[in-house]
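Report on the following structure.
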Protein chains: 2
Amino acid sequence: MTEPSPAESVTARAGTNIALIKYWGKRDAHLNLPAAGSISLTLAGLGSETTVRFARDAADQDGRDRVLVSGQPASERFAARVRDFLDLVRARAAIGLPAEVRTANTVPTAAGLASSAAGFAALALAASRAAGLVLSPSELSELARRGSGSAARSIFGGFVEMNPGARPDGSDAFARPLLDQNAWDVRLCVAITATGSTAAMVATAETSPYYASWVASVPRDLDDARTAIAARDLPRLGAVAERSALRMHACAMAADPGILYWNSATVAAIATVKKLRADGVAAYFTIDAGPHVKVLCASSDAARVQAALAATPAVMRVLQVAPGPGAQVTSEES
Amino acid sequence: MTEPSPAESVTARAGTNIALIKYWGKRDAHLNLPAAGSISLTLAGLGSETTVRFARDAADQDGRDRVLVSGQPASERFAARVRDFLDLVRARAAIGLPAEVRTANTVPTAAGLASSAAGFAALALAASRAAGLVLSPSELSELARRGSGSAARSIFGGFVEMNPGARPDGSDAFARPLLDQNAWDVRLCVAITATGSTAAMVATAETSPYYASWVASVPRDLDDARTAIAARDLPRLGAVAERSALRMHACAMAADPGILYWNSATVAAIATVKKLRADGVAAYFTIDAGPHVKVLCASSDAARVQAALAATPAVMRVLQVAPGPGAQVTSEES
């Protein structure tokens, strides 16, 4: 491995993803090793674009990596997280140069869609390439995981499974693609609900008596979801996705004090999804660690689902999103 | 034990109760043996009054026990349940006479307050007395349990603990009083929310992977609640009551398919309670197998709690209830 040309700049893009079989719980917090597997859908049009350049002149005035978000200096907290990640890349590539990182999200703020998954997937690809590393997709996924557990999945497009792995060093904890983004014509409608009231309710889930049973319940959900995805069986996938989401929230609710992410619009949107199903529309919800409701459906039903969600009281707006590709290099300059 | 005079009629009254440490799960469905203990508050003014008379002329035209609810013939389902219960009393008293049962509830319909607890507590007292049995409160509680698991608690007033017992015959599964209804000046505000949408979501909890952990988590909740009640420590009792309610609902939510009793007003009322607490009012919620929210507070705060709940969107009306006495005989005629 040779030190890359100081002028080389690599830009990569990755989409965010939504877990259908939820990721909840780590077996190693430092290495971001999950306690159980997960299955997600990478989204189109909602993601991050990140440019990385390792160069002597890339450092900020304090000699540290320069980290810009949408052209502005990043928060200290985010910059520190990016610098820790760049240290991993530098160690692996055996280079000592500082880096300039420019990142921009196309995930709407407050949309309840994690931008860190897309951000660290794009960063892993751009930074490793800019550092002269040639990594396989699995290696890239493992690297992205160090930045954010869910970023490991955003390396791939469409339906993706994260393997929790068993090794203490995490070398077997990476994602793999299940179904390409073009292989199944589904949509995800995201119902954005009012936020704010739940922040104070967040506490640790270490006190949940259901945590061990949650982790033990995941393998069966993964099996069911994998089978349903392979068969493009939406009712089956939807049922297991709802089961996984409810069990994740139930596990958190059982903590002491209880963690309740939902607001009244969350429950109303769940009722809307059930009503749609009673009316014959194959629509299935999932909810992450927040109040917004994401609804999986066939693309032919997406307009109807979006309209029903938009008409639900206290739902603020509804996005409609298609499955998207994995992390891609969009430009390379030297 | 002698056969009672055919004309003897006994009227008894009992209040309904709300579990603060939830009852959820049976170790024996036929004998109504609970899988775990529970702690409840018996309520004043919401209950049942039941009159029982064993006599040759008490039977209906088919020769069966005549069962009247508010003066009208009971549904077949309810009448069958009452007749099964009367068979237990007859077997114990060694009498063969049919009975006439007249019962009336003072629990508002659709208030989300179980009337079967009060009904079977009053029936146990009136029927056993009318049959000439002289039962201790523990024996009465054990008998009431056969009619309805929660009825065992309504034999006593104020704060009551149900012992799950360990014997297969249920002879040690009865309730005992913890604190008299006049010993602690608390109130329960009941926020009635819209109903209907959740009925279709009810399914069996046999499929919940959290069920064993739920049962295992109850003894600690009981210990905490018992200590808090003895000390009249409302914040401590409230915290464990909320924990118990959330864990019960979380256990049900984790079933397959998930059981979700809540509607949007349920979540809004929870938020109101949290807001009241942030404003310094010691108010704590509990929720039973339905969407209504019951809020425990000091009687001096009850008006404020009631007003805040009434102002919560989609809450239909709010009852304010005081702790009540146990089952009492109100008249005996011969």
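To be explicit about the labels: the chains of the structure tokens are called A, B, and onward in the order shown, and within each one the residues are counted from 1, while ligands get numbers from 1 in the order they are shown.
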- prompt: Could you write out as a PyMOL selection string the residues of chain B within 10 Å of chain A, counting only C-alpha atoms?
  reply: chain B and resi 197-198+200-201+208-214+216-217+239-240+242-260+262-271+274-275+313-314
Requested in this report: Please identify all polymer residues within 8 Å of range 38-42 of chain A, counting only C-alpha atoms, omitting same-chain residues fewer than 6 positions from it, and present them as a ChimeraX atom specification.
Outcome: /A:15-23,153-154,156-164,181,218,222,225,323-326
Contacts of Ser141 in chain B at 10 Å (only C-alpha atoms; same-chain gap of 3+ positions) as a compact mmCIF listing (two decimals) with N, CA and C atoms, in the first residue's frame:
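Output contents, as saved in part.txt:
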# COMPACT_ATOMS: atom_id res chain seq x y z
N PHE B 120 -68.55 -10.56 41.21
CA PHE B 120 -68.32 -11.86 41.82
C PHE B 120 -67.94 -11.76 43.29
N ALA B 121 -67.37 -10.63 43.71
CA ALA B 121 -67.12 -10.45 45.15
C ALA B 121 -68.44 -10.34 45.89
N ALA B 124 -70.16 -13.73 45.81
CA ALA B 124 -69.55 -14.70 46.72
C ALA B 124 -70.07 -14.48 48.15
N LEU B 125 -70.13 -13.22 48.54
CA LEU B 125 -70.58 -12.91 49.90
C LEU B 125 -72.08 -13.21 50.06
N LEU B 135 -68.09 -18.01 56.21
CA LEU B 135 -66.72 -18.07 55.69
C LEU B 135 -65.88 -16.94 56.25
N SER B 136 -64.60 -17.23 56.48
CA SER B 136 -63.67 -16.17 56.87
C SER B 136 -63.41 -15.30 55.65
N PRO B 137 -62.89 -14.08 55.85
CA PRO B 137 -62.56 -13.24 54.68
C PRO B 137 -61.63 -13.95 53.69
N SER B 138 -60.65 -14.70 54.18
CA SER B 138 -59.74 -15.43 53.28
C SER B 138 -60.50 -16.47 52.48
N ALA B 144 -64.44 -16.15 45.84
CA ALA B 144 -64.68 -15.11 44.83
C ALA B 144 -63.75 -15.30 43.64
N ARG B 145 -62.52 -15.72 43.91
CA ARG B 145 -61.52 -15.95 42.86
C ARG B 145 -62.01 -16.94 41.81
N ARG B 146 -62.80 -17.91 42.24
CA ARG B 146 -63.31 -18.90 41.29
C ARG B 146 -64.23 -18.25 40.25
N GLY B 149 -60.79 -13.78 38.71
CA GLY B 149 -59.50 -13.67 39.40
C GLY B 149 -59.38 -12.39 40.20
N SER B 150 -59.87 -11.30 39.65
CA SER B 150 -59.73 -10.01 40.34
C SER B 150 -60.78 -9.83 41.43
N ALA B 151 -61.83 -10.64 41.43
CA ALA B 151 -62.87 -10.54 42.47
C ALA B 151 -62.31 -10.88 43.84
N ALA B 152 -61.29 -11.72 43.87
CA ALA B 152 -60.69 -12.11 45.15
C ALA B 152 -60.21 -10.87 45.91
N ARG B 153 -59.79 -9.84 45.18
CA ARG B 153 -59.28 -8.63 45.83
C ARG B 153 -60.41 -7.74 46.31
N SER B 154 -61.56 -7.73 45.61
CA SER B 154 -62.66 -6.83 45.96
C SER B 154 -63.36 -7.24 47.25
N ILE B 155 -63.01 -8.38 47.83
CA ILE B 155 -63.55 -8.75 49.14
C ILE B 155 -63.08 -7.74 50.19
N PHE B 156 -61.89 -7.17 49.97
CA PHE B 156 -61.29 -6.25 50.94
C PHE B 156 -61.33 -4.81 50.42
N MET B 162 -53.07 -9.69 46.33
CA MET B 162 -53.49 -11.04 45.96
C MET B 162 -52.27 -11.95 46.03
N ALA B 173 -54.50 -19.38 47.37
CA ALA B 173 -54.57 -18.26 46.41
C ALA B 173 -55.74 -17.35 46.77
N PHE B 174 -55.48 -16.43 47.71
CA PHE B 174 -56.52 -15.47 48.11
C PHE B 174 -55.86 -14.15 48.46
N ALA B 175 -56.69 -13.13 48.59
CA ALA B 175 -56.17 -11.79 48.85
C ALA B 175 -56.11 -11.48 50.34
N ARG B 176 -55.38 -10.42 50.67
CA ARG B 176 -55.34 -9.95 52.06
C ARG B 176 -55.23 -8.43 52.02
N ALA B 327 -66.14 -6.00 50.47
CA ALA B 327 -67.51 -6.51 50.28
C ALA B 327 -68.26 -6.48 51.61
Cut-off 7 Å: closest range 127-189 of chain B/range 283-299 of chain B atom pairs per residue, using only C-alpha atoms, as CSV:
residue,atom,partner,partner_atom,distance
B:Asp185,CA,B:Ser299,CA,5.8
B:Val186,CA,B:Ala298,CA,4.3
B:Arg187,CA,B:Ser299,CA,5.1
B:Leu188,CA,B:Leu296,CA,4.5
B:Cys189,CA,B:Val295,CA,4.9
Ala307 in chain B proximity check over B:Leu178, B:Val215, B:Val190, B:Ala35, using only C-alpha atoms: winner is B:Val190
Report as a count of residues only all protein, DNA and RNA residues lying within 9 Å of Val329 in chain B, evaluated on only C-alpha atoms, omitting residues in the same chain fewer than 5 positions from it. 9
**Request:** Could you tell me, as a ChimeraX atom specification, which residues of range 107-317 of chain A DSSP assigns to alpha helix (DSSP H) when given the backbone?
**Result:** /A:115-130,137-147,151-154,211-230,234-253,264-278,302-310
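The space separating CA of Ala36 in chain B from CA of Ala241 in chain B comes to 15.1 Å.
Our summary of the geometry notes that CA of Ser48 in chain A is positioned 23.6 Å from CA of Arg92 in chain A.
Note that CA of Leu319 in chain A and CA of Ala231 in chain A are 26.6 Å apart.
If only C-alpha atoms are the atoms counted, then among B:Ala29, B:Ala311, B:Ala93, B:Val67 the closest residue to Thr272 in chain B is B:Ala311.
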